>>> print(open('query_38.cif').read())   # mmCIF, C-alpha atoms
data_run
loop_
_atom_site.group_PDB
_atom_site.id
_atom_site.type_symbol
_atom_site.label_atom_id
_atom_site.label_comp_id
_atom_site.auth_asym_id
_atom_site.auth_seq_id
_atom_site.Cartn_x
_atom_site.Cartn_y
_atom_site.Cartn_z
ATOM 1 C CA MET A 1 117.884 131.740 162.204
ATOM 2 C CA LYS A 2 121.604 131.764 162.853
ATOM 3 C CA GLU A 3 122.229 128.003 162.741
ATOM 4 C CA LEU A 4 120.346 127.645 159.455
ATOM 5 C CA ASP A 5 122.236 130.559 157.903
ATOM 6 C CA LYS A 6 125.505 128.860 158.854
ATOM 7 C CA ILE A 7 124.363 125.671 157.065
ATOM 8 C CA LEU A 8 123.407 127.656 153.963
ATOM 9 C CA THR A 9 126.891 129.165 153.787
ATOM 10 C CA GLU A 10 128.648 125.869 154.527
ATOM 11 C CA LEU A 11 126.755 124.002 151.783
ATOM 12 C CA HIS A 12 126.749 126.874 149.260
ATOM 13 C CA VAL A 13 122.963 127.129 149.304
ATOM 14 C CA GLN A 14 122.012 130.456 147.757
ATOM 15 C CA LYS A 15 119.117 132.503 149.104
ATOM 16 C CA ILE A 16 117.044 134.270 146.485
ATOM 17 C CA GLY A 17 115.345 137.298 147.974
ATOM 18 C CA SER A 18 114.555 137.443 151.671
ATOM 19 C CA GLY A 19 113.250 134.745 153.931
ATOM 20 C CA TYR A 20 113.674 131.022 153.503
ATOM 21 C CA ILE A 21 112.065 130.241 150.176
ATOM 22 C CA ASP A 22 113.961 129.627 146.973
ATOM 23 C CA LEU A 23 117.073 128.340 148.718
ATOM 24 C CA ILE A 24 118.969 127.022 145.699
ATOM 25 C CA CYS A 25 120.993 123.974 146.653
ATOM 26 C CA PRO A 26 123.746 122.500 144.487
ATOM 27 C CA ILE A 27 122.872 118.932 143.501
ATOM 28 C CA GLU A 28 125.951 117.523 145.242
ATOM 29 C CA ASN A 29 124.848 119.050 148.586
ATOM 30 C CA ILE A 30 121.172 118.040 148.595
ATOM 31 C CA ASN A 31 121.534 114.952 150.787
ATOM 32 C CA GLU A 32 123.589 116.769 153.427
ATOM 33 C CA PHE A 33 121.297 119.807 153.324
ATOM 34 C CA ILE A 34 118.238 117.646 153.993
ATOM 35 C CA ASN A 35 120.082 115.844 156.817
ATOM 36 C CA LYS A 36 120.967 119.155 158.439
ATOM 37 C CA VAL A 37 117.480 120.685 158.174
ATOM 38 C CA ASN A 38 116.125 117.416 159.609
ATOM 39 C CA ASP A 39 118.510 117.859 162.558
ATOM 40 C CA LEU A 40 116.985 121.322 163.123
ATOM 41 C CA ASN A 41 113.443 119.878 162.856
ATOM 42 C CA ILE A 42 112.724 122.053 159.833
ATOM 43 C CA ARG A 43 110.285 120.810 157.231
ATOM 44 C CA ILE A 44 110.856 121.384 153.527
ATOM 45 C CA THR A 45 107.405 122.313 152.256
ATOM 46 C CA GLY A 46 108.381 122.102 148.609
ATOM 47 C CA PHE A 47 110.722 123.446 145.983
ATOM 48 C CA THR A 48 110.926 125.103 142.598
ATOM 49 C CA TRP A 49 113.429 124.358 139.850
ATOM 50 C CA TRP A 50 116.286 126.674 138.894
ATOM 51 C CA CYS A 51 118.631 126.149 135.935
ATOM 52 C CA HIS A 52 122.339 126.684 136.603
ATOM 53 C CA ALA A 53 123.323 128.665 133.505
ATOM 54 C CA THR A 54 127.014 129.020 132.662
ATOM 55 C CA SER A 55 129.130 130.158 129.726
ATOM 56 C CA ASN A 56 128.845 126.550 128.457
ATOM 57 C CA HIS A 57 125.100 126.220 129.099
ATOM 58 C CA GLU A 58 122.412 128.696 128.047
ATOM 59 C CA ALA A 59 119.643 129.325 130.568
ATOM 60 C CA CYS A 60 116.577 127.075 130.323
ATOM 61 C CA GLY A 61 114.330 129.542 132.112
ATOM 62 C CA MET A 62 113.854 133.220 132.817
ATOM 63 C CA GLY A 63 116.498 135.600 134.089
ATOM 64 C CA GLY A 64 117.750 135.150 137.588
ATOM 65 C CA SER A 65 120.426 135.800 140.161
ATOM 66 C CA LYS A 66 124.174 135.640 139.717
ATOM 67 C CA CYS A 67 125.631 132.627 141.512
ATOM 68 C CA THR A 68 127.310 133.508 144.781
ATOM 69 C CA TYR A 69 129.427 130.368 145.136
ATOM 70 C CA THR A 70 130.167 129.377 141.533
ATOM 71 C CA ASP A 71 130.284 130.774 138.002
ATOM 72 C CA GLY A 72 127.150 131.639 136.106
ATOM 73 C CA TYR A 73 123.661 132.433 137.313
ATOM 74 C CA TYR A 74 120.442 130.714 138.325
ATOM 75 C CA SER A 75 117.544 130.968 135.911
ATOM 76 C CA GLU A 76 114.062 130.363 137.313
ATOM 77 C CA ILE A 77 112.057 127.619 135.625
ATOM 78 C CA GLN A 78 108.397 128.588 135.340
ATOM 79 C CA ILE A 79 106.119 125.675 136.167
ATOM 80 C CA GLY A 80 103.355 127.694 137.819
ATOM 81 C CA HIS A 81 103.517 126.045 141.238
ATOM 82 C CA THR A 82 105.752 124.778 144.013
ATOM 83 C CA ILE A 83 106.456 121.035 143.927
ATOM 84 C CA GLU A 84 105.177 119.812 147.310
ATOM 85 C CA PHE A 85 105.674 116.676 149.387
ATOM 86 C CA GLU A 86 104.478 115.414 152.776
ATOM 87 C CA ASN A 87 107.926 115.238 154.390
ATOM 88 C CA ASN A 88 111.637 115.753 153.835
ATOM 89 C CA GLU A 89 112.282 112.092 152.997
ATOM 90 C CA GLU A 90 109.797 112.263 150.128
ATOM 91 C CA VAL A 91 111.607 115.361 148.833
ATOM 92 C CA ARG A 92 114.974 113.589 149.089
ATOM 93 C CA ASN A 93 113.692 110.449 147.353
ATOM 94 C CA PHE A 94 112.120 112.407 144.509
ATOM 95 C CA ILE A 95 115.110 114.667 143.786
ATOM 96 C CA LEU A 96 117.855 112.071 144.212
ATOM 97 C CA ASN A 97 116.155 108.877 143.011
ATOM 98 C CA GLU A 98 112.982 109.401 141.003
ATOM 99 C CA TYR A 99 113.644 112.630 139.113
ATOM 100 C CA PRO A 100 117.006 111.562 137.587
ATOM 101 C CA LYS A 101 115.230 108.561 135.993
ATOM 102 C CA SER A 102 112.380 110.629 134.546
ATOM 103 C CA LYS A 103 112.142 111.895 130.972
ATOM 104 C CA GLU A 104 111.830 115.455 132.400
ATOM 105 C CA TYR A 105 115.315 115.210 133.946
ATOM 106 C CA LYS A 106 117.759 118.023 133.183
ATOM 107 C CA PRO A 107 121.183 117.882 134.861
ATOM 108 C CA CYS A 108 121.330 121.697 135.036
ATOM 109 C CA TYR A 109 118.265 121.900 137.323
ATOM 110 C CA CYS A 110 118.805 122.657 141.010
ATOM 111 C CA PRO A 111 116.022 122.767 143.596
ATOM 112 C CA GLY A 112 115.117 126.017 145.316
ATOM 113 C CA PHE A 113 113.842 124.709 148.663
ATOM 114 C CA TRP A 114 110.978 126.328 150.578
ATOM 115 C CA LEU A 115 111.246 125.876 154.338
ATOM 116 C CA ASP A 116 108.536 125.929 156.985
ATOM 117 C CA LEU A 117 109.876 128.108 159.801
ATOM 118 C CA ASP A 118 108.042 129.438 162.817
ATOM 119 C CA GLU A 119 109.546 132.924 162.872
#
>>> encode(input="query_38.cif", output="structure tokens")
Amino acid sequence: MKELDKILTELHVQKIGSGYIDLICPIENINEFINKVNDLNIRITGFTWWCHATSNHEACGMGGSKCTYTDGYYSEIQIGHTIEFENNEEVRNFILNEYPKSKEYKPCYCPGFWLDLDE
């Protein structure tokens, strides 16, 4: 999907593997990313957590992929499932409002979005 790929590049969202799952989005671009996928009528079905490991921060999870747009690499956090929501607004609210107030919060965690595409 050409328009979606353009958004991924513009917002420095890194694809892990092929397809449109595990699209790791920098925290500062989450709101805009959700706005843009909403504009394309794409539903975020869920996400997984990825730790942004750097020379100043040891990885919280397993090995992962070197960052394309910044230093370091993304380390996959094993939780055993995808975190799912009914709609994109619930995803946005959880990641930007609820999660930062929770005791599980880690500032190094970035969501790896899973998108529902009719391909």
>>> resolve_selection(input="query_38.cif", expression="the PyMOL selection byres ((chain A and resi 54) around 7)", output="PyMOL selection string")
chain A and resi 52-53+55-58+71-73
>>> resolve_selection(input="query_38.cif", expression="the PyMOL selection byres ((chain A and resi 26) around 8)", output="CSV table (one decimal) with C-alpha atoms, keeping the file's coordinate frame")
chain,number,residue,atom,x,y,z
A,12,HIS,CA,126.7,126.9,149.3
A,13,VAL,CA,123.0,127.1,149.3
A,24,ILE,CA,119.0,127.0,145.7
A,25,CYS,CA,121.0,124.0,146.7
A,27,ILE,CA,122.9,118.9,143.5
A,28,GLU,CA,126.0,117.5,145.2
A,29,ASN,CA,124.8,119.0,148.6
A,30,ILE,CA,121.2,118.0,148.6
A,110,CYS,CA,118.8,122.7,141.0
A,111,PRO,CA,116.0,122.8,143.6
>>> resolve_selection(input="query_38.cif", expression="the PyMOL selection byres ((chain A and resi 49) around 8)", output="list in words")
Phe47, Thr48, Trp50, Cys51, Glu76, Ile77, Gln78, Tyr109, Cys110, Pro111 and Gly112 of chain A
>>> closest_residue(input="query_38.cif", among="A:Thr45, A:Ser18, A:Ser102, A:Asn35", to="Thr82 (chain A)", atoms="all atoms listed in the file")
A:Thr45
>>> closest_residue(input="query_38.cif", among="A:Lys36, A:Asn87, A:Leu96, A:Gly19", to="Leu117 (chain A)", atoms="only C-alpha atoms")
A:Gly19
>>> residues_around(input="query_38.cif", residues="Asp22 (chain A)", least_positions_apart="4", cutoff="6 Å", atoms="only C-alpha atoms", output="count of residues only")
4
>>> atom_distance(input="query_38.cif", atom1="CA of Leu8 (chain A)", atom2="CA of Pro107 (chain A)")
21.6 Å
>>> atom_distance(input="query_38.cif", atom1="CA of Gly64 (chain A)", atom2="CA of Ile83 (chain A)")
19.2 Å
>>> build_atoms(input="query_38.cif", residues="region 80-102 of chain A", atoms="N, CA and C atoms", output="compact mmCIF listing (two decimals), in the coordinates of the input")
# COMPACT_ATOMS: atom_id res chain seq x y z
N GLY A 80 104.64 127.21 137.35
CA GLY A 80 103.36 127.69 137.82
C GLY A 80 102.97 127.27 139.22
N HIS A 81 103.83 126.47 139.87
CA HIS A 81 103.52 126.04 141.24
C HIS A 81 104.79 125.53 141.92
N THR A 82 104.68 125.39 143.24
CA THR A 82 105.75 124.78 144.01
C THR A 82 105.52 123.27 144.02
N ILE A 83 106.56 122.49 143.86
CA ILE A 83 106.46 121.04 143.93
C ILE A 83 106.45 120.67 145.41
N GLU A 84 105.36 120.06 145.87
CA GLU A 84 105.18 119.81 147.31
C GLU A 84 105.17 118.33 147.64
N PHE A 85 105.63 118.03 148.86
CA PHE A 85 105.67 116.68 149.39
C PHE A 85 105.26 116.70 150.85
N GLU A 86 104.94 115.53 151.38
CA GLU A 86 104.48 115.41 152.78
C GLU A 86 105.61 115.59 153.79
N ASN A 87 106.82 115.16 153.42
CA ASN A 87 107.93 115.24 154.39
C ASN A 87 109.26 115.32 153.65
N ASN A 88 110.31 115.57 154.41
CA ASN A 88 111.64 115.75 153.84
C ASN A 88 112.17 114.50 153.13
N GLU A 89 111.80 113.32 153.63
CA GLU A 89 112.28 112.09 153.00
C GLU A 89 111.66 111.90 151.61
N GLU A 90 110.42 112.32 151.45
CA GLU A 90 109.80 112.26 150.13
C GLU A 90 110.49 113.22 149.16
N VAL A 91 110.87 114.39 149.65
CA VAL A 91 111.61 115.36 148.83
C VAL A 91 112.93 114.75 148.39
N ARG A 92 113.66 114.20 149.37
CA ARG A 92 114.97 113.59 149.09
C ARG A 92 114.83 112.47 148.05
N ASN A 93 113.88 111.57 148.26
CA ASN A 93 113.69 110.45 147.35
C ASN A 93 113.36 110.92 145.94
N PHE A 94 112.48 111.91 145.84
CA PHE A 94 112.12 112.41 144.51
C PHE A 94 113.32 113.01 143.79
N ILE A 95 114.01 113.95 144.45
CA ILE A 95 115.11 114.67 143.79
C ILE A 95 116.29 113.76 143.47
N LEU A 96 116.65 112.88 144.40
CA LEU A 96 117.86 112.07 144.21
C LEU A 96 117.62 110.74 143.51
N ASN A 97 116.40 110.20 143.58
CA ASN A 97 116.16 108.88 143.01
C ASN A 97 115.17 108.87 141.85
N GLU A 98 114.01 109.47 142.04
CA GLU A 98 112.98 109.40 141.00
C GLU A 98 113.24 110.37 139.85
N TYR A 99 113.49 111.62 140.16
CA TYR A 99 113.64 112.63 139.11
C TYR A 99 114.76 112.30 138.11
N PRO A 100 115.95 111.86 138.56
CA PRO A 100 117.01 111.56 137.59
C PRO A 100 116.64 110.46 136.59
N LYS A 101 115.65 109.64 136.90
CA LYS A 101 115.23 108.56 135.99
C LYS A 101 114.08 108.99 135.08
N SER A 102 113.55 110.19 135.31
CA SER A 102 112.38 110.63 134.55
C SER A 102 112.79 111.25 133.21
